[in-house]
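File shown here: run-v6.txt, holding compact mmCIF, C-alpha atoms and all ligand atoms.
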```txt
# COMPACT_ATOMS: atom_id res chain seq x y z
CA MET N 232 -19.64 112.23 183.86
CA LYS N 233 -20.36 109.12 185.88
CA ILE N 234 -18.04 109.08 188.89
CA TRP N 235 -18.99 105.64 190.31
CA ASN N 236 -21.20 102.63 189.57
CA GLN N 237 -22.02 101.58 193.08
CA TYR N 238 -21.73 103.31 196.42
CA LEU N 239 -21.58 101.02 199.48
CA LEU N 240 -22.10 101.98 203.12
CA PRO N 241 -20.72 99.31 205.47
CA LYS N 242 -21.42 99.64 209.21
CA THR N 243 -18.39 97.70 210.50
CA ILE N 244 -14.68 97.54 209.72
CA ASP N 245 -15.00 93.82 208.96
CA THR N 246 -17.70 94.46 206.35
CA ALA N 247 -15.69 97.30 204.81
CA MET N 248 -12.64 95.04 204.53
CA SER N 249 -14.70 92.18 203.02
CA LEU N 250 -16.18 94.57 200.45
CA LEU N 251 -12.75 96.00 199.64
CA LEU N 252 -11.33 92.53 199.03
CA GLU N 253 -14.44 91.32 197.17
CA HIS N 254 -14.13 94.26 194.76
CA GLU N 255 -10.33 94.32 194.73
CA GLY N 256 -8.91 96.21 191.79
CA TYR N 257 -11.98 98.34 191.14
CA ALA N 258 -13.00 99.66 194.57
CA ARG N 259 -11.76 102.49 196.75
CA LEU N 260 -12.48 103.69 200.26
CA ILE N 261 -14.07 107.10 200.55
CA ALA N 262 -14.65 109.27 203.63
CA GLY N 263 -15.66 112.94 203.13
CA GLY N 264 -14.84 112.77 199.42
CA THR N 265 -13.40 116.31 199.44
CA ASP N 266 -10.14 115.11 197.87
CA LEU N 267 -11.17 111.98 196.01
CA LEU N 268 -14.33 113.25 194.28
CA LEU N 269 -12.62 116.47 193.24
CA ASP N 270 -9.67 114.50 191.86
CA ILE N 271 -12.07 112.40 189.75
CA GLN N 272 -14.15 115.40 188.62
CA GLN N 273 -11.02 117.33 187.64
CA GLY N 274 -9.46 114.39 185.78
CA ARG N 275 -6.59 113.68 188.19
CA HIS N 276 -8.10 110.27 189.00
CA ASP N 277 -10.06 107.82 186.83
CA PRO N 278 -13.71 107.21 187.73
CA ILE N 279 -14.06 104.39 190.27
CA ASP N 280 -16.43 101.47 189.89
CA THR N 281 -17.17 100.91 193.58
CA LEU N 282 -16.86 103.46 196.37
CA ILE N 283 -16.90 102.11 199.92
CA ASP N 284 -17.93 104.88 202.31
CA ILE N 285 -16.44 104.36 205.78
CA THR N 286 -18.20 107.24 207.55
CA HIS N 287 -21.01 105.03 208.91
CA ILE N 288 -18.63 102.85 210.92
CA PRO N 289 -18.95 104.00 214.56
CA GLU N 290 -15.49 102.67 215.56
CA LEU N 291 -13.81 105.01 213.09
CA GLN N 292 -15.61 108.06 214.54
CA GLN N 293 -14.28 107.75 218.07
CA ILE N 294 -11.92 109.95 220.05
CA THR N 295 -10.87 108.17 223.25
CA ILE N 296 -8.19 108.36 225.90
CA GLU N 297 -6.40 105.17 226.93
CA GLU N 298 -3.89 105.65 229.74
CA ASP N 299 -1.49 108.34 228.48
CA GLN N 300 -2.58 108.19 224.84
CA ILE N 301 -5.27 109.67 222.66
CA LEU N 302 -6.87 107.46 220.02
CA LEU N 303 -8.37 109.35 217.11
CA GLY N 304 -10.58 107.54 214.58
CA SER N 305 -9.71 108.03 210.93
CA ALA N 306 -13.26 109.09 209.99
CA VAL N 307 -13.39 111.89 212.57
CA THR N 308 -14.10 115.14 210.75
CA HIS N 309 -12.05 118.30 211.17
CA SER N 310 -15.10 120.01 212.73
CA THR N 311 -15.34 117.28 215.37
CA ILE N 312 -11.63 117.67 216.14
CA LEU N 313 -12.15 121.41 216.71
CA GLU N 314 -15.06 120.75 219.10
CA ASN N 315 -13.40 118.01 221.13
CA GLN N 316 -12.34 119.19 224.57
CA ASP N 317 -9.60 116.57 225.10
CA LEU N 318 -7.96 117.59 221.84
CA GLN N 319 -8.41 121.30 222.58
CA GLU N 320 -6.69 120.86 225.95
CA ASN N 321 -3.90 118.53 224.86
CA THR N 322 -3.04 118.88 221.20
CA ARG N 323 -3.20 122.49 220.16
CA CYS N 324 -1.18 121.81 217.01
CA LEU N 325 -3.81 119.40 215.69
CA VAL N 326 -6.74 121.68 216.54
CA GLN N 327 -4.95 124.69 215.03
CA ALA N 328 -4.14 122.69 211.88
CA CYS N 329 -7.68 121.38 211.38
CA SER N 330 -9.24 124.78 212.08
CA GLY N 331 -7.76 126.17 208.85
CA ILE N 332 -8.80 123.35 206.53
CA GLY N 333 -11.29 124.57 203.93
CA GLY N 334 -14.37 126.39 205.16
CA SER N 335 -16.89 124.97 207.61
CA GLN N 336 -18.73 123.05 204.86
CA VAL N 337 -15.52 121.20 203.99
CA ARG N 338 -14.55 120.70 207.65
CA ASN N 339 -17.97 119.20 208.43
CA VAL N 340 -17.36 116.25 206.09
CA ALA N 341 -13.60 116.06 205.45
CA THR N 342 -11.79 113.62 207.74
CA ILE N 343 -8.39 113.41 209.37
CA GLY N 344 -7.85 109.95 207.83
CA GLY N 345 -8.63 111.28 204.36
CA ASN N 346 -6.15 114.11 204.85
CA VAL N 347 -3.40 111.63 205.74
CA ALA N 348 -4.34 109.01 203.13
CA HIS N 349 -4.30 111.69 200.41
CA ALA N 350 -0.61 111.98 201.35
CA LEU N 351 0.13 115.54 200.29
CA PRO N 352 3.44 116.81 201.70
CA ALA N 353 1.65 119.85 203.14
CA GLY N 354 -1.58 118.25 204.37
CA ASP N 355 -2.30 120.30 207.49
CA GLY N 356 -3.53 117.33 209.54
CA SER N 357 -0.58 115.17 208.44
CA ILE N 358 1.92 117.84 209.50
CA ALA N 359 0.35 118.15 212.97
CA LEU N 360 0.22 114.35 213.45
CA LEU N 361 3.87 114.08 212.35
CA ALA N 362 4.92 116.58 215.03
CA LEU N 363 2.90 114.54 217.56
CA ASN N 364 4.84 111.43 216.47
CA ALA N 365 1.51 109.70 215.91
CA GLU N 366 1.15 106.11 214.79
CA ALA N 367 -1.54 104.90 212.41
CA ARG N 368 -3.39 101.58 212.72
CA ILE N 369 -3.57 99.97 209.30
CA ILE N 370 -5.87 97.02 208.67
CA SER N 371 -5.28 94.63 205.80
CA LYS N 372 -6.43 91.10 204.94
CA ASP N 373 -3.35 89.73 206.72
CA GLY N 374 -4.17 91.48 210.01
CA GLU N 375 -3.25 94.86 211.39
CA ARG N 376 -0.15 96.89 212.19
CA TRP N 377 0.83 100.23 213.70
CA GLU N 378 2.93 102.47 211.43
CA LEU N 379 4.72 105.62 212.52
CA MET N 380 3.47 108.71 210.69
CA GLU N 381 6.90 109.29 209.22
CA ASN N 382 6.75 105.86 207.52
CA LEU N 383 3.28 106.44 206.12
CA PHE N 384 4.24 108.25 202.92
CA THR N 385 6.31 107.22 199.92
CA GLY N 386 5.83 110.20 197.58
CA PRO N 387 3.51 113.13 196.82
CA GLY N 388 -0.03 111.72 196.91
CA ILE N 389 1.23 108.19 197.61
CA PRO N 390 0.71 106.65 201.03
CA SER N 391 2.86 103.66 202.02
CA PHE N 392 -0.33 101.62 202.52
CA ASP N 393 -2.70 100.71 199.69
CA PRO N 394 -6.12 102.44 199.99
CA CYS N 395 -7.50 99.90 197.48
CA LYS N 396 -6.65 97.05 199.86
CA GLU N 397 -5.99 98.52 203.28
CA LEU N 398 -7.93 100.66 205.72
CA LEU N 399 -6.49 103.30 208.00
CA ALA N 400 -8.50 102.82 211.19
CA CYS N 401 -7.15 105.32 213.71
CA PHE N 402 -4.19 107.28 215.05
CA ARG N 403 -2.64 107.17 218.50
CA PHE N 404 -0.28 109.64 220.13
CA SER N 405 0.93 110.48 223.63
CA ILE N 406 -0.85 113.17 225.60
CA PRO N 407 1.67 116.00 226.05
CA LYS N 408 2.87 116.32 229.65
CA ARG N 409 3.01 119.53 231.67
CA ASN N 410 6.40 120.63 230.34
CA GLU N 411 5.45 119.77 226.74
CA ARG N 412 3.58 121.94 224.30
CA THR N 413 2.60 121.92 220.65
CA ALA N 414 1.80 124.57 218.06
CA PHE N 415 0.93 124.90 214.37
CA HIS N 416 1.05 127.81 211.97
CA ARG N 417 0.78 128.17 208.21
CA VAL N 418 0.96 130.78 205.47
CA MET N 419 -1.68 130.72 202.74
CA ARG N 420 -2.19 132.68 199.56
CA PRO N 421 -4.63 135.50 200.41
CA GLN N 422 -7.35 133.94 198.23
CA GLY N 423 -6.31 130.38 199.13
CA VAL N 424 -8.65 127.81 200.59
CA ALA N 425 -6.63 124.68 199.85
CA ILE N 426 -3.03 123.70 200.49
CA ALA N 427 -0.66 126.04 202.35
CA ILE N 428 2.31 127.85 200.84
CA LEU N 429 4.14 126.53 203.87
CA ASN N 430 3.03 125.08 207.20
CA MET N 431 4.81 123.98 210.35
CA ALA N 432 3.96 122.10 213.53
CA ILE N 433 6.10 121.54 216.61
CA TRP N 434 6.03 119.43 219.72
CA MET N 435 8.46 120.70 222.33
CA GLN N 436 9.60 119.56 225.77
CA GLU N 437 11.05 122.39 227.82
CA ALA N 438 13.34 122.27 230.85
CA ASP N 439 13.81 125.23 233.21
CA GLU N 440 14.61 128.67 231.80
CA GLY N 441 13.27 127.87 228.37
CA ILE N 442 15.89 125.26 227.51
CA VAL N 443 14.73 122.86 224.83
CA GLU N 444 14.97 119.34 226.20
CA ASN N 445 13.41 117.68 223.18
CA ILE N 446 11.67 118.88 220.05
CA ARG N 447 9.98 117.65 216.88
CA ILE N 448 9.49 119.98 213.92
CA ALA N 449 7.29 119.04 210.95
CA VAL N 450 7.17 121.18 207.80
CA GLY N 451 5.21 121.01 204.56
CA PRO N 452 5.82 121.16 201.69
CA ALA N 453 9.55 120.71 202.26
CA GLY N 454 10.12 117.57 200.22
CA PRO N 455 8.06 114.89 198.49
CA VAL N 456 6.52 113.72 201.78
CA PRO N 457 5.66 115.48 205.07
CA PHE N 458 9.09 116.47 206.40
CA ARG N 459 10.74 116.12 209.85
CA ALA N 460 13.49 118.72 210.30
CA ARG N 461 15.91 116.43 212.16
CA GLN N 462 19.04 118.61 211.85
CA THR N 463 17.22 121.64 213.21
CA GLU N 464 15.80 119.53 216.04
CA ASP N 465 19.33 118.26 216.90
CA PHE N 466 20.66 121.81 216.99
CA LEU N 467 17.86 123.12 219.20
CA ARG N 468 18.14 120.39 221.86
CA GLY N 469 19.95 121.83 224.90
CA HIS N 470 19.68 125.41 223.68
CA GLN N 471 17.78 128.19 225.40
CA LEU N 472 15.10 129.70 223.22
CA LYS N 473 16.57 133.12 222.46
CA GLU N 474 16.36 135.21 219.34
CA ASP N 475 19.90 134.40 218.14
CA VAL N 476 19.32 130.65 218.68
CA ILE N 477 16.09 130.73 216.65
CA ALA N 478 17.92 132.70 213.93
CA GLN N 479 20.66 130.04 213.80
CA ALA N 480 18.04 127.26 213.81
CA SER N 481 16.27 128.97 210.89
CA GLU N 482 19.48 128.84 208.84
CA ILE N 483 19.84 125.11 209.52
CA LEU N 484 16.20 124.61 208.60
CA ARG N 485 16.69 126.53 205.35
CA ALA N 486 19.61 124.28 204.49
CA GLU N 487 17.86 120.97 205.21
CA ALA N 488 14.36 121.70 203.84
CA LYS N 489 13.90 120.70 200.21
CA LEU N 490 11.83 123.62 198.99
CA ARG N 491 10.73 124.20 195.42
CA THR N 492 8.98 126.83 193.35
CA SER N 493 5.35 126.03 192.67
CA ARG N 494 3.45 127.69 189.85
CA HIS N 495 0.31 127.93 191.95
CA ARG N 496 1.69 129.01 195.30
CA ALA N 497 5.11 130.55 195.82
CA THR N 498 8.74 130.66 194.81
CA LYS N 499 11.40 128.63 196.54
CA GLU N 500 13.04 131.87 197.72
CA TYR N 501 9.84 133.14 199.32
CA ARG N 502 9.34 129.80 201.05
CA LYS N 503 12.93 129.97 202.35
CA HIS N 504 12.17 133.37 203.80
CA LEU N 505 8.96 132.05 205.39
CA LEU N 506 10.74 129.20 207.18
CA GLY N 507 12.34 131.63 209.65
CA TYR N 508 9.05 133.43 210.23
CA LEU N 509 7.18 130.15 210.82
CA LEU N 510 9.80 128.80 213.20
CA LYS N 511 9.76 131.97 215.26
CA THR N 512 5.95 131.97 215.31
CA VAL N 513 5.45 128.35 216.41
CA MET N 514 8.17 128.68 219.04
CA SER N 515 6.40 131.63 220.61
CA LYS N 516 2.82 130.28 220.40
C1 LIG X 601 -12.32 123.77 199.25
C2 LIG X 601 -11.31 122.84 199.86
C3 LIG X 601 -10.38 123.36 200.75
C4 LIG X 601 -9.41 122.52 201.33
N1 LIG X 601 -8.52 123.08 202.20
C5 LIG X 601 -7.55 122.28 202.73
C6 LIG X 601 -6.57 122.85 203.62
O1 LIG X 601 -6.59 124.05 203.94
N2 LIG X 601 -5.62 122.02 204.12
C7 LIG X 601 -5.57 120.68 203.81
O2 LIG X 601 -4.67 119.97 204.30
N3 LIG X 601 -6.49 120.12 202.97
C8 LIG X 601 -7.46 120.90 202.42
N4 LIG X 601 -8.38 120.34 201.57
C9 LIG X 601 -8.27 118.92 201.21
C10 LIG X 601 -9.24 117.97 201.96
O3 LIG X 601 -10.38 118.58 202.43
C11 LIG X 601 -8.55 117.25 203.14
O4 LIG X 601 -7.38 116.60 202.71
C12 LIG X 601 -9.51 116.24 203.79
O5 LIG X 601 -9.09 116.01 205.11
C13 LIG X 601 -9.64 114.93 203.04
O6 LIG X 601 -10.53 114.09 203.78
P1 LIG X 601 -11.76 113.35 203.09
O7 LIG X 601 -12.44 112.61 204.19
O8 LIG X 601 -12.59 114.29 202.32
O9 LIG X 601 -10.96 112.35 202.12
P2 LIG X 601 -11.52 111.59 200.83
O10 LIG X 601 -11.56 112.53 199.68
O11 LIG X 601 -12.74 110.82 201.15
O12 LIG X 601 -10.31 110.55 200.63
C14 LIG X 601 -9.03 110.99 200.27
C15 LIG X 601 -8.15 109.76 199.99
O13 LIG X 601 -7.97 109.01 201.17
C16 LIG X 601 -8.43 107.67 201.01
N5 LIG X 601 -9.04 107.35 202.30
C17 LIG X 601 -9.94 108.10 202.99
N6 LIG X 601 -10.15 107.56 204.20
C18 LIG X 601 -9.37 106.45 204.26
C19 LIG X 601 -9.15 105.46 205.28
N7 LIG X 601 -9.75 105.52 206.47
N8 LIG X 601 -8.30 104.45 205.02
C20 LIG X 601 -7.66 104.38 203.82
N9 LIG X 601 -7.82 105.29 202.84
C21 LIG X 601 -8.67 106.30 203.06
C22 LIG X 601 -9.39 107.71 199.83
O14 LIG X 601 -9.45 106.46 199.16
C23 LIG X 601 -8.74 108.79 198.98
O15 LIG X 601 -7.66 108.24 198.29
C24 LIG X 601 -9.37 121.15 200.99
C25 LIG X 601 -10.33 120.63 200.10
C26 LIG X 601 -11.27 121.46 199.55
C27 LIG X 601 -12.29 120.88 198.59
```
Any chance you could put this one into structure tokens?
Amino acid sequence: MKIWNQYLLPKTIDTAMSLLLEHEGYARLIAGGTDLLLDIQQGRHDPIDTLIDITHIPELQQITIEEDQILLGSAVTHSTILENQDLQENTRCLVQACSGIGGSQVRNVATIGGNVAHALPAGDGSIALLALNAEARIISKDGERWELMENLFTGPGIPSFDPCKELLACFRFSIPKRNERTAFHRVMRPQGVAIAILNMAIWMQEADEGIVENIRIAVGPAGPVPFRARQTEDFLRGHQLKEDVIAQASEILRAEAKLRTSRHRATKEYRKHLLGYLLKTVMSK
């Protein structure tokens, strides 16, 4: 089976955008290819005439700090995220999320941008970036814009931007302060190397005596797109993190999450049960 006709390797964002527009309708961006090529090989996606590989564009490979924010290039691989000291020190949820993706061969080529652009409701990187309230820089022929992570998805596998016409360049998110922390945890099938049965990431701001000042909880898959548990967050604000509070929060989370039974992973009931376990785990990490 022929997967593509031509494979292009631009060195700048401008060239990648020109190529994308020049071949509009029959071209697609590719990064590590760990989602896209498998989708084509396994018949979930038609073969593509022109693949435009963005992994040779230095700007998309950068991880930088600007004032109180981290900028993370879309073509940064999961392995690079794990090795980066700034991310290790500041964004545990992202490092924990990327550390579980595939095996090291996958992590060495698969990118954070590809994980988000693939738009699965339980993409591990997407869930961590959602908890971090990240924004994504999207470049199109009309210019560029910053989109909040929570506006970046319209359905399972469908990003709100068009990967045939638009390029996701990087993410930015605030560096957590001293009273803020993040965590990620997931449950996989024992033999599983792909998507989680359920995953969860939090960002939490704590006041004295373990009182939750502010919190963001991201869960996947708990709906058609990566899910923010707003009602649970509202309940937890102002509460002290005690066992009975987490138990009450778990009930609210079970009510607001839109879980379903999946043939390949788990029943809705099992996922409901796991929500409480995951919440307790990320809160205590
Ligand atoms: C064995 C195996 C195990 C895996 N395990 C996990 C796991 O545990 N958790 C998990 O979440 N995922 C997992 N994955 C899925 C996959 O590895 C990740 O989603 C990965 O991050 C995708 O990145 P990529 O660079 O390979 O994307 P690609 O396959 O190159 O691209 C994916 C999609 O994104 C688009 N795209 C890529 N980059 C951009 C960009 N910069 N701008 C616009 N569009 C873009 C492409 O056009 C394509 O539609 C696994 C995959 C395999 C094969």
Name the residues in contact with stretch 337-346 of chain N at a cut-off of 10 Å, using only C-alpha atoms, excluding same-chain residues fewer than 2 positions from it; report them as a PyMOL selection string.
chain N and resi 260-267+286+291-292+303-313+325+329-335+348-351+353-357+360+367+398-402
Please produce a file of those selected residues containing C-alpha atoms, as a PDB file, in the coordinates of the input.
```pdb
ATOM      1  CA  LEU N 260     -12.480 103.690 200.260  1.00  0.00           C
ATOM      2  CA  ILE N 261     -14.070 107.100 200.550  1.00  0.00           C
ATOM      3  CA  ALA N 262     -14.650 109.270 203.630  1.00  0.00           C
ATOM      4  CA  GLY N 263     -15.660 112.940 203.130  1.00  0.00           C
ATOM      5  CA  GLY N 264     -14.840 112.770 199.420  1.00  0.00           C
ATOM      6  CA  THR N 265     -13.400 116.310 199.440  1.00  0.00           C
ATOM      7  CA  ASP N 266     -10.140 115.110 197.870  1.00  0.00           C
ATOM      8  CA  LEU N 267     -11.170 111.980 196.010  1.00  0.00           C
ATOM      9  CA  THR N 286     -18.200 107.240 207.550  1.00  0.00           C
ATOM     10  CA  LEU N 291     -13.810 105.010 213.090  1.00  0.00           C
ATOM     11  CA  GLN N 292     -15.610 108.060 214.540  1.00  0.00           C
ATOM     12  CA  LEU N 303      -8.370 109.350 217.110  1.00  0.00           C
ATOM     13  CA  GLY N 304     -10.580 107.540 214.580  1.00  0.00           C
ATOM     14  CA  SER N 305      -9.710 108.030 210.930  1.00  0.00           C
ATOM     15  CA  ALA N 306     -13.260 109.090 209.990  1.00  0.00           C
ATOM     16  CA  VAL N 307     -13.390 111.890 212.570  1.00  0.00           C
ATOM     17  CA  THR N 308     -14.100 115.140 210.750  1.00  0.00           C
ATOM     18  CA  HIS N 309     -12.050 118.300 211.170  1.00  0.00           C
ATOM     19  CA  SER N 310     -15.100 120.010 212.730  1.00  0.00           C
ATOM     20  CA  THR N 311     -15.340 117.280 215.370  1.00  0.00           C
ATOM     21  CA  ILE N 312     -11.630 117.670 216.140  1.00  0.00           C
ATOM     22  CA  LEU N 313     -12.150 121.410 216.710  1.00  0.00           C
ATOM     23  CA  LEU N 325      -3.810 119.400 215.690  1.00  0.00           C
ATOM     24  CA  CYS N 329      -7.680 121.380 211.380  1.00  0.00           C
ATOM     25  CA  SER N 330      -9.240 124.780 212.080  1.00  0.00           C
ATOM     26  CA  GLY N 331      -7.760 126.170 208.850  1.00  0.00           C
ATOM     27  CA  ILE N 332      -8.800 123.350 206.530  1.00  0.00           C
ATOM     28  CA  GLY N 333     -11.290 124.570 203.930  1.00  0.00           C
ATOM     29  CA  GLY N 334     -14.370 126.390 205.160  1.00  0.00           C
ATOM     30  CA  SER N 335     -16.890 124.970 207.610  1.00  0.00           C
ATOM     31  CA  ALA N 348      -4.340 109.010 203.130  1.00  0.00           C
ATOM     32  CA  HIS N 349      -4.300 111.690 200.410  1.00  0.00           C
ATOM     33  CA  ALA N 350      -0.610 111.980 201.350  1.00  0.00           C
ATOM     34  CA  LEU N 351       0.130 115.540 200.290  1.00  0.00           C
ATOM     35  CA  ALA N 353       1.650 119.850 203.140  1.00  0.00           C
ATOM     36  CA  GLY N 354      -1.580 118.250 204.370  1.00  0.00           C
ATOM     37  CA  ASP N 355      -2.300 120.300 207.490  1.00  0.00           C
ATOM     38  CA  GLY N 356      -3.530 117.330 209.540  1.00  0.00           C
ATOM     39  CA  SER N 357      -0.580 115.170 208.440  1.00  0.00           C
ATOM     40  CA  LEU N 360       0.220 114.350 213.450  1.00  0.00           C
ATOM     41  CA  ALA N 367      -1.540 104.900 212.410  1.00  0.00           C
ATOM     42  CA  LEU N 398      -7.930 100.660 205.720  1.00  0.00           C
ATOM     43  CA  LEU N 399      -6.490 103.300 208.000  1.00  0.00           C
ATOM     44  CA  ALA N 400      -8.500 102.820 211.190  1.00  0.00           C
ATOM     45  CA  CYS N 401      -7.150 105.320 213.710  1.00  0.00           C
ATOM     46  CA  PHE N 402      -4.190 107.280 215.050  1.00  0.00           C
TER      47      PHE N 402
END
```
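Near stretch 270-281 of chain N, within 7 Å and counting all atoms listed in the file, sit Ile234, Trp235, Asn236, Gln237, Tyr238, Tyr257, Ala258, Arg259, Asp266, Leu267, Leu268 and Ile283 of chain N, not including residues fewer than 2 positions from it in the same chain.
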Extending 4 Å beyond the listed atoms of ligand LIG 601 (chain X) on each side, what axis-aligned box results? I want centre and edge lengths in Å to one decimal, as lines of an AutoDock Vina configuration file.
```
center_x = -8.7
center_y = 114.2
center_z = 202.4
size_x = 16.1
size_y = 27.7
size_z = 16.2
```
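Picture a line from atom C10 of ligand LIG 601 (chain X) to atom CA of N:Ile358; it runs 13.5 Å.
Atom to atom, atom CA of N:Asn364 and atom CA of N:Glu474 stand 26.6 Å apart.
Residues in contact with N:Ala486 at up to 12 Å, not including ones fewer than 6 positions away on its chain and judged by only C-alpha atoms, are Ala453, Ala460, Arg461, Gln462, Thr463, Gln479, Ala480, Lys503, His504, Leu506 and Gly507 of chain N.
All residues of protein, DNA or RNA that reach within 7 Å of stretch 422-431 of chain N, judged by only C-alpha atoms and not counting those fewer than 3 positions away in the chain, are N:Gly333, N:Ala353, N:Gly354, N:Ile358, N:Phe415, N:His416, N:Arg417, N:Val418, N:Met419, N:Ala449, N:Val450, N:Gly451, N:Pro452, N:Arg496, N:Ala497, N:Arg502, N:Leu509.
Atom pair atom C10 of ligand LIG 601 (chain X) / atom CA of N:Asp393 has a distance of 18.6 Å (rounded to one decimal).
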